[in-house]
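File shown: work-v7.csv (CSV, N, CA and C atoms).
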chain,number,residue,atom,x,y,z
A,124,SER,N,86.8,110.9,109.0
A,124,SER,CA,86.4,111.4,110.3
A,124,SER,C,84.8,111.5,110.4
A,125,HIS,N,84.3,111.4,111.5
A,125,HIS,CA,82.9,111.5,111.8
A,125,HIS,C,82.5,112.9,112.2
A,126,CYS,N,83.4,113.8,111.9
A,126,CYS,CA,83.2,115.2,112.3
A,126,CYS,C,82.7,116.0,111.0
A,127,LEU,N,81.7,116.8,111.3
A,127,LEU,CA,81.1,117.6,110.2
A,127,LEU,C,82.1,118.8,109.9
A,128,GLN,N,82.7,118.8,108.7
A,128,GLN,CA,83.7,119.8,108.4
A,128,GLN,C,83.1,121.0,107.7
A,129,ILE,N,83.9,122.0,107.5
A,129,ILE,CA,83.5,123.3,106.8
A,129,ILE,C,83.0,122.9,105.4
A,130,LYS,N,83.7,122.0,104.7
A,130,LYS,CA,83.3,121.6,103.4
A,130,LYS,C,81.9,121.1,103.4
A,131,HIS,N,81.5,120.3,104.4
A,131,HIS,CA,80.1,119.8,104.5
A,131,HIS,C,79.1,120.9,104.8
A,132,ILE,N,79.5,121.8,105.6
A,132,ILE,CA,78.6,123.0,106.0
A,132,ILE,C,78.4,123.9,104.8
A,133,ASP,N,79.5,124.0,104.0
A,133,ASP,CA,79.4,124.8,102.7
A,133,ASP,C,78.4,124.2,101.8
A,134,LYS,N,78.4,122.9,101.7
A,134,LYS,CA,77.4,122.2,100.8
A,134,LYS,C,76.0,122.4,101.3
A,135,LEU,N,75.8,122.4,102.6
A,135,LEU,CA,74.5,122.6,103.2
A,135,LEU,C,74.0,124.0,102.9
A,136,THR,N,74.9,125.0,103.0
A,136,THR,CA,74.6,126.4,102.8
A,136,THR,C,74.2,126.6,101.3
A,137,ALA,N,74.8,125.9,100.4
A,137,ALA,CA,74.6,126.1,99.0
A,137,ALA,C,73.2,125.5,98.6
A,138,LEU,N,72.6,124.6,99.4
A,138,LEU,CA,71.3,124.1,99.1
A,138,LEU,C,70.2,125.1,99.3
A,139,ASN,N,70.4,126.0,100.3
A,139,ASN,CA,69.6,127.1,100.5
A,139,ASN,C,68.1,126.8,100.7
A,140,THR,N,67.9,125.7,101.5
A,140,THR,CA,66.5,125.4,102.0
A,140,THR,C,66.4,125.9,103.4
A,141,PRO,N,65.2,126.1,103.9
A,141,PRO,CA,65.1,126.5,105.3
A,141,PRO,C,65.8,125.6,106.3
A,142,ILE,N,65.7,124.3,106.1
A,142,ILE,CA,66.4,123.4,107.1
A,142,ILE,C,67.9,123.4,106.9
A,143,THR,N,68.4,123.4,105.7
A,143,THR,CA,69.8,123.4,105.5
A,143,THR,C,70.5,124.7,105.9
A,144,SER,N,69.7,125.8,105.7
A,144,SER,CA,70.2,127.1,106.1
A,144,SER,C,70.4,127.2,107.6
A,145,PHE,N,69.3,126.7,108.3
A,145,PHE,CA,69.4,126.7,109.7
A,145,PHE,C,70.5,125.9,110.3
A,146,ILE,N,70.6,124.6,109.8
A,146,ILE,CA,71.6,123.7,110.3
A,146,ILE,C,73.0,124.2,109.9
A,147,SER,N,73.2,124.7,108.7
A,147,SER,CA,74.5,125.2,108.4
A,147,SER,C,74.9,126.4,109.2
A,148,GLU,N,74.0,127.3,109.5
A,148,GLU,CA,74.2,128.5,110.4
A,148,GLU,C,74.6,128.0,111.8
A,149,LEU,N,73.9,127.1,112.3
A,149,LEU,CA,74.1,126.5,113.7
A,149,LEU,C,75.5,125.9,113.7
A,150,TYR,N,75.8,125.1,112.8
A,150,TYR,CA,77.1,124.4,112.8
A,150,TYR,C,78.3,125.3,112.5
A,151,ARG,N,78.1,126.3,111.6
A,151,ARG,CA,79.1,127.2,111.3
A,151,ARG,C,79.5,128.0,112.6
A,152,PHE,N,78.5,128.3,113.4
A,152,PHE,CA,78.7,129.0,114.7
A,152,PHE,C,79.6,128.2,115.6
A,153,GLN,N,79.3,126.9,115.6
A,153,GLN,CA,80.0,125.9,116.5
A,153,GLN,C,81.4,125.8,116.1
A,154,THR,N,81.7,125.9,114.8
A,154,THR,CA,83.1,125.7,114.4
A,154,THR,C,84.1,126.7,114.9
A,155,VAL,N,83.5,127.9,115.4
A,155,VAL,CA,84.4,128.9,116.0
A,155,VAL,C,85.0,128.4,117.3
A,156,THR,N,84.2,127.6,118.0
A,156,THR,CA,84.7,127.1,119.3
A,156,THR,C,85.4,125.8,119.2
A,157,THR,N,85.2,125.1,118.1
A,157,THR,CA,85.8,123.7,118.0
A,157,THR,C,87.0,123.7,117.1
A,158,GLY,N,87.3,124.8,116.5
A,158,GLY,CA,88.5,124.9,115.6
A,158,GLY,C,88.3,124.4,114.2
A,159,GLY,N,87.1,124.3,113.8
A,159,GLY,CA,86.8,123.9,112.4
A,159,GLY,C,85.9,122.7,112.1
A,160,GLY,N,85.7,121.9,113.1
A,160,GLY,CA,84.8,120.8,112.9
A,160,GLY,C,83.8,120.7,114.0
A,161,VAL,N,82.7,120.0,113.7
A,161,VAL,CA,81.6,119.8,114.7
A,161,VAL,C,81.3,118.3,114.9
A,162,TYR,N,81.5,117.8,116.1
A,162,TYR,CA,81.2,116.4,116.4
A,162,TYR,C,79.7,116.3,116.6
A,163,LEU,N,79.1,115.3,116.0
A,163,LEU,CA,77.6,115.1,116.0
A,163,LEU,C,77.3,113.9,116.9
A,164,HIS,N,77.4,114.1,118.2
A,164,HIS,CA,77.2,112.9,119.1
A,164,HIS,C,75.8,112.4,119.0
A,165,ASP,N,74.8,113.3,119.1
A,165,ASP,CA,73.4,112.8,119.1
A,165,ASP,C,73.0,112.2,117.8
A,166,PRO,N,73.4,112.9,116.6
A,166,PRO,CA,73.0,112.2,115.3
A,166,PRO,C,73.7,110.9,115.2
A,167,ILE,N,74.9,110.7,115.8
A,167,ILE,CA,75.6,109.4,115.7
A,167,ILE,C,74.8,108.3,116.4
A,168,ALA,N,74.2,108.7,117.6
A,168,ALA,CA,73.4,107.8,118.3
A,168,ALA,C,72.2,107.3,117.5
A,169,VAL,N,71.6,108.3,116.8
A,169,VAL,CA,70.4,108.0,116.0
A,169,VAL,C,70.9,107.1,114.8
A,170,ALA,N,72.0,107.4,114.2
A,170,ALA,CA,72.5,106.7,113.1
A,170,ALA,C,72.8,105.2,113.4
A,171,THR,N,73.2,105.0,114.7
A,171,THR,CA,73.5,103.6,115.0
A,171,THR,C,72.2,102.8,115.2
A,172,VAL,N,71.1,103.4,115.4
A,172,VAL,CA,69.8,102.7,115.4
A,172,VAL,C,69.4,102.4,114.0
A,173,ILE,N,69.6,103.4,113.1
A,173,ILE,CA,69.3,103.1,111.7
A,173,ILE,C,70.2,102.1,111.1
A,174,ASP,N,71.5,102.2,111.4
A,174,ASP,CA,72.5,101.3,110.8
A,174,ASP,C,73.5,100.8,111.8
A,175,PRO,N,73.2,99.8,112.6
A,175,PRO,CA,74.0,99.3,113.7
A,175,PRO,C,75.4,98.9,113.2
A,176,ASP,N,75.6,98.5,112.0
A,176,ASP,CA,76.9,98.1,111.5
A,176,ASP,C,77.8,99.3,111.2
A,177,MET,N,77.3,100.5,111.4
A,177,MET,CA,78.1,101.7,111.2
A,177,MET,C,79.2,101.8,112.3
A,178,VAL,N,79.0,101.2,113.4
A,178,VAL,CA,79.9,101.3,114.6
A,178,VAL,C,80.4,100.0,115.1
A,179,THR,N,81.5,100.0,115.7
A,179,THR,CA,82.1,98.8,116.4
A,179,THR,C,81.9,99.1,117.9
A,180,THR,N,81.3,98.2,118.7
A,180,THR,CA,81.1,98.4,120.1
A,180,THR,C,81.8,97.3,120.9
A,181,HIS,N,82.1,97.6,122.2
A,181,HIS,CA,82.6,96.6,123.1
A,181,HIS,C,81.8,96.7,124.4
A,182,VAL,N,81.6,95.6,125.0
A,182,VAL,CA,80.9,95.5,126.3
A,182,VAL,C,81.9,95.7,127.5
A,183,GLY,N,81.5,96.5,128.4
A,183,GLY,CA,82.3,96.6,129.6
A,183,GLY,C,81.7,97.4,130.7
A,184,LYS,N,82.4,97.7,131.8
A,184,LYS,CA,81.9,98.5,132.9
A,184,LYS,C,82.3,99.9,132.7
A,185,VAL,N,81.4,100.8,133.0
A,185,VAL,CA,81.6,102.3,132.9
A,185,VAL,C,81.4,102.9,134.2
A,186,SER,N,82.3,103.8,134.6
A,186,SER,CA,82.1,104.6,135.8
A,186,SER,C,82.4,106.1,135.5
A,187,VAL,N,81.9,106.9,136.3
A,187,VAL,CA,82.2,108.4,136.2
A,187,VAL,C,83.1,108.7,137.4
A,188,GLU,N,84.3,109.2,137.2
A,188,GLU,CA,85.2,109.5,138.2
A,188,GLU,C,84.7,110.7,139.0
A,189,THR,N,84.6,110.5,140.3
A,189,THR,CA,84.1,111.6,141.2
A,189,THR,C,85.1,112.1,142.2
A,190,GLU,N,86.2,111.5,142.3
A,190,GLU,CA,87.2,111.9,143.3
A,190,GLU,C,88.5,112.4,142.8
A,191,GLY,N,88.9,112.1,141.6
A,191,GLY,CA,90.2,112.5,141.1
A,191,GLY,C,90.4,114.0,140.9
A,192,PHE,N,91.6,114.5,141.2
A,192,PHE,CA,91.8,115.9,141.1
A,192,PHE,C,91.9,116.3,139.6
A,193,LEU,N,92.6,115.5,138.8
A,193,LEU,CA,92.7,115.8,137.4
A,193,LEU,C,91.6,115.1,136.5
A,194,THR,N,91.0,114.1,137.1
A,194,THR,CA,90.1,113.3,136.3
A,194,THR,C,88.6,113.4,136.7
A,195,ARG,N,88.3,114.3,137.6
A,195,ARG,CA,86.9,114.4,138.1
A,195,ARG,C,85.9,114.7,137.0
A,196,GLY,N,84.9,113.9,136.9
A,196,GLY,CA,83.9,114.0,135.8
A,196,GLY,C,84.2,113.2,134.6
A,197,MET,N,85.3,112.6,134.5
A,197,MET,CA,85.7,111.8,133.3
A,197,MET,C,84.9,110.4,133.4
A,198,THR,N,84.5,110.0,132.2
A,198,THR,CA,83.9,108.7,132.1
A,198,THR,C,85.0,107.7,131.8
A,199,VAL,N,85.0,106.6,132.6
A,199,VAL,CA,86.0,105.6,132.6
A,199,VAL,C,85.4,104.3,132.1
A,200,PHE,N,86.0,103.8,131.0
A,200,PHE,CA,85.6,102.5,130.5
A,200,PHE,C,86.7,101.5,130.7
A,201,ASP,N,86.5,100.5,131.5
A,201,ASP,CA,87.6,99.6,131.9
A,201,ASP,C,87.6,98.4,131.0
A,202,ARG,N,88.7,98.4,130.2
A,202,ARG,CA,88.9,97.3,129.2
A,202,ARG,C,89.7,96.2,129.7
A,203,ARG,N,90.2,96.3,130.9
A,203,ARG,CA,91.0,95.2,131.5
A,203,ARG,C,90.2,94.0,131.7
A,204,PRO,N,90.8,92.8,131.9
A,204,PRO,CA,90.1,91.6,132.2
A,204,PRO,C,89.3,91.8,133.5
A,205,GLN,N,88.2,91.2,133.6
A,205,GLN,CA,87.3,91.4,134.7
A,205,GLN,C,87.9,91.2,136.1
A,206,TRP,N,88.8,90.3,136.2
A,206,TRP,CA,89.5,90.1,137.5
A,206,TRP,C,90.4,91.2,137.9
A,207,LEU,N,90.8,92.1,136.9
A,207,LEU,CA,91.6,93.3,137.3
A,207,LEU,C,90.8,94.6,137.5
A,208,GLN,N,89.5,94.5,137.1
A,208,GLN,CA,88.7,95.7,137.1
A,208,GLN,C,88.4,96.2,138.6
A,209,GLN,N,88.6,97.5,138.8
A,209,GLN,CA,88.3,98.0,140.1
A,209,GLN,C,87.3,99.1,140.0
A,210,THR,N,86.5,99.2,138.9
A,210,THR,CA,85.5,100.3,138.8
A,210,THR,C,84.4,100.0,139.7
A,211,PRO,N,83.9,101.1,140.4
A,211,PRO,CA,82.9,100.9,141.5
A,211,PRO,C,81.5,100.9,140.9
A,212,THR,N,81.3,100.2,139.8
A,212,THR,CA,79.9,100.1,139.3
A,212,THR,C,79.2,99.0,140.0
A,213,ALA,N,77.9,98.9,139.8
A,213,ALA,CA,77.1,97.8,140.3
A,213,ALA,C,77.6,96.5,139.8
A,214,SER,N,77.6,95.5,140.6
A,214,SER,CA,78.1,94.2,140.2
A,214,SER,C,77.4,93.7,138.9
A,215,GLY,N,78.2,93.3,137.9
A,215,GLY,CA,77.7,92.7,136.7
A,215,GLY,C,77.0,93.7,135.7
A,216,VAL,N,76.9,95.0,136.0
A,216,VAL,CA,76.3,95.9,135.1
A,216,VAL,C,77.3,96.3,134.0
A,217,THR,N,76.9,96.1,132.8
A,217,THR,CA,77.8,96.5,131.6
A,217,THR,C,77.1,97.4,130.7
A,218,THR,N,77.9,98.0,129.8
A,218,THR,CA,77.4,98.9,128.8
A,218,THR,C,78.1,98.7,127.5
A,219,ASN,N,77.4,98.9,126.4
A,219,ASN,CA,78.0,98.8,125.1
A,219,ASN,C,78.6,100.2,124.8
A,220,ILE,N,79.9,100.2,124.5
A,220,ILE,CA,80.6,101.4,124.2
A,220,ILE,C,81.0,101.4,122.8
A,221,CYS,N,80.8,102.5,122.1
A,221,CYS,CA,81.2,102.6,120.7
A,221,CYS,C,82.7,103.0,120.7
A,222,THR,N,83.5,102.2,120.0
A,222,THR,CA,84.9,102.4,119.9
A,222,THR,C,85.4,102.8,118.5
A,223,GLN,N,84.5,102.6,117.5
A,223,GLN,CA,85.0,103.0,116.2
A,223,GLN,C,83.7,103.2,115.4
A,224,ILE,N,83.8,104.2,114.4
A,224,ILE,CA,82.7,104.5,113.5
A,224,ILE,C,83.2,104.6,112.1
A,225,HIS,N,82.4,104.2,111.2
A,225,HIS,CA,82.7,104.4,109.8
A,225,HIS,C,82.3,105.9,109.4
A,226,GLY,N,83.3,106.7,109.5
A,226,GLY,CA,83.1,108.2,109.5
A,226,GLY,C,82.4,108.7,108.2
A,227,GLN,N,82.9,108.3,107.1
A,227,GLN,CA,82.3,108.8,105.8
A,227,GLN,C,80.9,108.3,105.6
A,228,ARG,N,80.7,107.0,106.0
A,228,ARG,CA,79.4,106.4,105.9
A,228,ARG,C,78.4,107.2,106.8
A,229,PHE,N,78.8,107.6,108.0
A,229,PHE,CA,78.0,108.4,108.9
A,229,PHE,C,77.7,109.7,108.3
A,230,ILE,N,78.7,110.4,107.8
A,230,ILE,CA,78.5,111.8,107.2
A,230,ILE,C,77.5,111.7,106.0
A,231,ASP,N,77.7,110.7,105.2
A,231,ASP,CA,76.8,110.5,104.0
A,231,ASP,C,75.4,110.3,104.5
A,232,LEU,N,75.1,109.4,105.5
A,232,LEU,CA,73.8,109.2,106.0
A,232,LEU,C,73.2,110.5,106.6
A,233,PHE,N,74.0,111.2,107.4
A,233,PHE,CA,73.5,112.4,108.0
A,233,PHE,C,73.1,113.5,107.0
A,234,LEU,N,74.0,113.7,106.0
A,234,LEU,CA,73.7,114.7,105.0
A,234,LEU,C,72.5,114.3,104.1
A,235,SER,N,72.3,113.0,103.8
A,235,SER,CA,71.2,112.5,103.0
A,235,SER,C,69.9,112.7,103.8
A,236,ARG,N,69.9,112.6,105.1
A,236,ARG,CA,68.7,112.8,105.9
A,236,ARG,C,68.2,114.2,106.1
A,237,ILE,N,69.1,115.1,106.0
A,237,ILE,CA,68.7,116.5,106.3
A,237,ILE,C,68.6,117.4,105.0
A,238,THR,N,68.9,116.8,103.9
A,238,THR,CA,68.8,117.5,102.6
A,238,THR,C,67.5,117.1,101.8

Since I need it in another form, could you write the structure as structure tokens?
Amino acid sequence: SHCLQIKHIDKLTALNTPITSFISELYRFQTVTTGGGVYLHDPIAVATVIDPDMVTTHVGKVSVETEGFLTRGMTVFDRRPQWLQQTPTASGVTTNICTQIHGQRFIDLFLSRIT
């Protein structure tokens, strides 16, 4: 998993440096609302710049749903063949979407950079 878990936070706490103490306190607070793990979206974005092979990406059109009753605000990535796509994005505009990450590799990189 690419989620920072309690066991990782405990390791940071044990290092007892100003940075690891701050980060572990911050993430421990977040585990209360997430149910035990913390997803590190911004650090993952930075990690993909450092190590692009850490993720698998696909190119496609992305839209944000603005009208749906149940789906308003959702980001939609249309994987269907282009002739089936009905997403209201600008013609020809595509985005690279991360669809898979090497979770342990990411966690190892993240922990090595903050310790």

Give me, please, the distance in Å between atom C of A:Tyr150 and atom N of A:Leu127, quoted to one decimal.
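One can read the atom C of A:Tyr150 to atom N of A:Leu127 distance as 9.2 Å.
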
Alpha helix (DSSP H) positions in chain A, given as a ChimeraX atom specification:
/A:129-138,141-157,164-173,226-237

Quick one: residues within 9 Å of stretch 161-174 of chain A, only C-alpha atoms, excluding same-chain residues fewer than 2 positions away - as an MDAnalysis selection string?
chainID A and resid 125:129 150:151 153:154 157:159 176:178 224 229 232:233

So how far away is atom CA of A:Cys221 from atom C of A:Leu234, in Å?
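Computed distance, atom C of A:Leu234 to atom CA of A:Cys221, equals 22.1 Å.
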
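Interatomic distance, atom CA of A:Thr180 to atom CA of A:Leu193: 27.1 Å.
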
Could you please write out, as a ChimeraX atom specification, every residue of chain A that DSSP assigns to strand (DSSP E or B)?
/A:126-128,160-162,178-187,198-201,218-224

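Distance check against A:Asp201 using only N, CA and C atoms: of A:Lys184, A:Arg228, A:Lys130, A:Arg236, the minimum falls on A:Lys184.
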
Leaving out A:Thr238 and any residue of its chain fewer than 6 positions from it, which residues lie within 8 Å of it when counting only N, CA and C atoms, given as number ranges by chain?
A: 135, 138, 142-143

Would you mind telling me which residue in A:Pro141, A:Pro175, A:Gly183, A:Gly160 lies nearest to A:Asn219 when using only C-alpha atoms?
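The closest residue to A:Asn219 is A:Gly183.
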
Could you complete stretch 146-157 of chain A so that it carries all heavy atoms, and give it back as a JSON list (two decimals), in the coordinates of the input?
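The resulting file, selection-v4.json, is reproduced below:
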[["chain", "number", "residue", "atom", "x", "y", "z"],
["A", 146, "ILE", "N", 70.60, 124.60, 109.80],
["A", 146, "ILE", "CA", 71.60, 123.70, 110.30],
["A", 146, "ILE", "C", 73.00, 124.20, 109.90],
["A", 146, "ILE", "O", 73.90, 124.19, 110.80],
["A", 146, "ILE", "CB", 71.38, 122.31, 109.68],
["A", 146, "ILE", "CG1", 70.12, 121.71, 110.31],
["A", 146, "ILE", "CG2", 72.58, 121.41, 109.94],
["A", 146, "ILE", "CD1", 69.68, 120.40, 109.71],
["A", 147, "SER", "N", 73.20, 124.70, 108.70],
["A", 147, "SER", "CA", 74.50, 125.20, 108.40],
["A", 147, "SER", "C", 74.90, 126.40, 109.20],
["A", 147, "SER", "O", 76.07, 126.59, 109.66],
["A", 147, "SER", "CB", 74.65, 125.56, 106.90],
["A", 147, "SER", "OG", 73.77, 126.58, 106.52],
["A", 148, "GLU", "N", 74.00, 127.30, 109.50],
["A", 148, "GLU", "CA", 74.20, 128.50, 110.40],
["A", 148, "GLU", "C", 74.60, 128.00, 111.80],
["A", 148, "GLU", "O", 75.54, 128.54, 112.41],
["A", 148, "GLU", "CB", 73.04, 129.42, 110.40],
["A", 148, "GLU", "CG", 73.26, 130.69, 111.18],
["A", 148, "GLU", "CD", 72.05, 131.61, 111.14],
["A", 148, "GLU", "OE1", 71.33, 131.63, 110.12],
["A", 148, "GLU", "OE2", 71.82, 132.29, 112.15],
["A", 149, "LEU", "N", 73.90, 127.10, 112.30],
["A", 149, "LEU", "CA", 74.10, 126.50, 113.70],
["A", 149, "LEU", "C", 75.50, 125.90, 113.70],
["A", 149, "LEU", "O", 76.28, 126.22, 114.65],
["A", 149, "LEU", "CB", 73.04, 125.51, 114.01],
["A", 149, "LEU", "CG", 73.19, 124.76, 115.31],
["A", 149, "LEU", "CD1", 72.91, 125.70, 116.48],
["A", 149, "LEU", "CD2", 72.23, 123.58, 115.33],
["A", 150, "TYR", "N", 75.80, 125.10, 112.80],
["A", 150, "TYR", "CA", 77.10, 124.40, 112.80],
["A", 150, "TYR", "C", 78.30, 125.30, 112.50],
["A", 150, "TYR", "O", 79.36, 125.13, 113.03],
["A", 150, "TYR", "CB", 77.10, 123.13, 111.94],
["A", 150, "TYR", "CG", 76.23, 122.02, 112.50],
["A", 150, "TYR", "CD1", 75.49, 121.20, 111.67],
["A", 150, "TYR", "CD2", 76.17, 121.79, 113.87],
["A", 150, "TYR", "CE1", 74.70, 120.19, 112.18],
["A", 150, "TYR", "CE2", 75.38, 120.78, 114.39],
["A", 150, "TYR", "CZ", 74.65, 119.98, 113.54],
["A", 150, "TYR", "OH", 73.88, 118.97, 114.06],
["A", 151, "ARG", "N", 78.10, 126.30, 111.60],
["A", 151, "ARG", "CA", 79.10, 127.20, 111.30],
["A", 151, "ARG", "C", 79.50, 128.00, 112.60],
["A", 151, "ARG", "O", 80.66, 128.24, 112.89],
["A", 151, "ARG", "CB", 78.72, 128.16, 110.22],
["A", 151, "ARG", "CG", 79.89, 128.94, 109.63],
["A", 151, "ARG", "CD", 79.51, 129.74, 108.41],
["A", 151, "ARG", "NE", 78.91, 128.98, 107.35],
["A", 151, "ARG", "CZ", 79.57, 128.24, 106.45],
["A", 151, "ARG", "NH1", 80.88, 128.16, 106.53],
["A", 151, "ARG", "NH2", 78.93, 127.58, 105.51],
["A", 152, "PHE", "N", 78.50, 128.30, 113.40],
["A", 152, "PHE", "CA", 78.70, 129.00, 114.70],
["A", 152, "PHE", "C", 79.60, 128.20, 115.60],
["A", 152, "PHE", "O", 80.47, 128.62, 116.28],
["A", 152, "PHE", "CB", 77.40, 129.40, 115.33],
["A", 152, "PHE", "CG", 77.55, 130.02, 116.69],
["A", 152, "PHE", "CD1", 77.93, 131.35, 116.81],
["A", 152, "PHE", "CD2", 77.34, 129.27, 117.83],
["A", 152, "PHE", "CE1", 78.09, 131.92, 118.07],
["A", 152, "PHE", "CE2", 77.49, 129.83, 119.09],
["A", 152, "PHE", "CZ", 77.87, 131.16, 119.20],
["A", 153, "GLN", "N", 79.30, 126.90, 115.60],
["A", 153, "GLN", "CA", 80.00, 125.90, 116.50],
["A", 153, "GLN", "C", 81.40, 125.80, 116.10],
["A", 153, "GLN", "O", 82.31, 125.51, 116.93],
["A", 153, "GLN", "CB", 79.30, 124.59, 116.56],
["A", 153, "GLN", "CG", 78.02, 124.60, 117.35],
["A", 153, "GLN", "CD", 77.41, 123.22, 117.47],
["A", 153, "GLN", "OE1", 77.98, 122.22, 117.03],
["A", 153, "GLN", "NE2", 76.24, 123.16, 118.06],
["A", 154, "THR", "N", 81.70, 125.90, 114.80],
["A", 154, "THR", "CA", 83.10, 125.70, 114.40],
["A", 154, "THR", "C", 84.10, 126.70, 114.90],
["A", 154, "THR", "O", 85.27, 126.51, 115.05],
["A", 154, "THR", "CB", 83.25, 125.75, 112.81],
["A", 154, "THR", "OG1", 82.85, 127.03, 112.33],
["A", 154, "THR", "CG2", 82.45, 124.64, 112.17],
["A", 155, "VAL", "N", 83.50, 127.90, 115.40],
["A", 155, "VAL", "CA", 84.40, 128.90, 116.00],
["A", 155, "VAL", "C", 85.00, 128.40, 117.30],
["A", 155, "VAL", "O", 86.15, 128.65, 117.56],
["A", 155, "VAL", "CB", 83.53, 130.20, 116.24],
["A", 155, "VAL", "CG1", 84.33, 131.22, 117.03],
["A", 155, "VAL", "CG2", 83.01, 130.78, 114.95],
["A", 156, "THR", "N", 84.20, 127.60, 118.00],
["A", 156, "THR", "CA", 84.70, 127.10, 119.30],
["A", 156, "THR", "C", 85.40, 125.80, 119.20],
["A", 156, "THR", "O", 86.18, 125.43, 120.10],
["A", 156, "THR", "CB", 83.58, 127.03, 120.36],
["A", 156, "THR", "OG1", 82.59, 126.15, 119.84],
["A", 156, "THR", "CG2", 82.98, 128.37, 120.66],
["A", 157, "THR", "N", 85.20, 125.10, 118.10],
["A", 157, "THR", "CA", 85.80, 123.70, 118.00],
["A", 157, "THR", "C", 87.00, 123.70, 117.10],
["A", 157, "THR", "O", 87.71, 122.73, 117.03],
["A", 157, "THR", "CB", 84.79, 122.74, 117.40],
["A", 157, "THR", "OG1", 84.44, 123.17, 116.08],
["A", 157, "THR", "CG2", 83.57, 122.59, 118.28]]
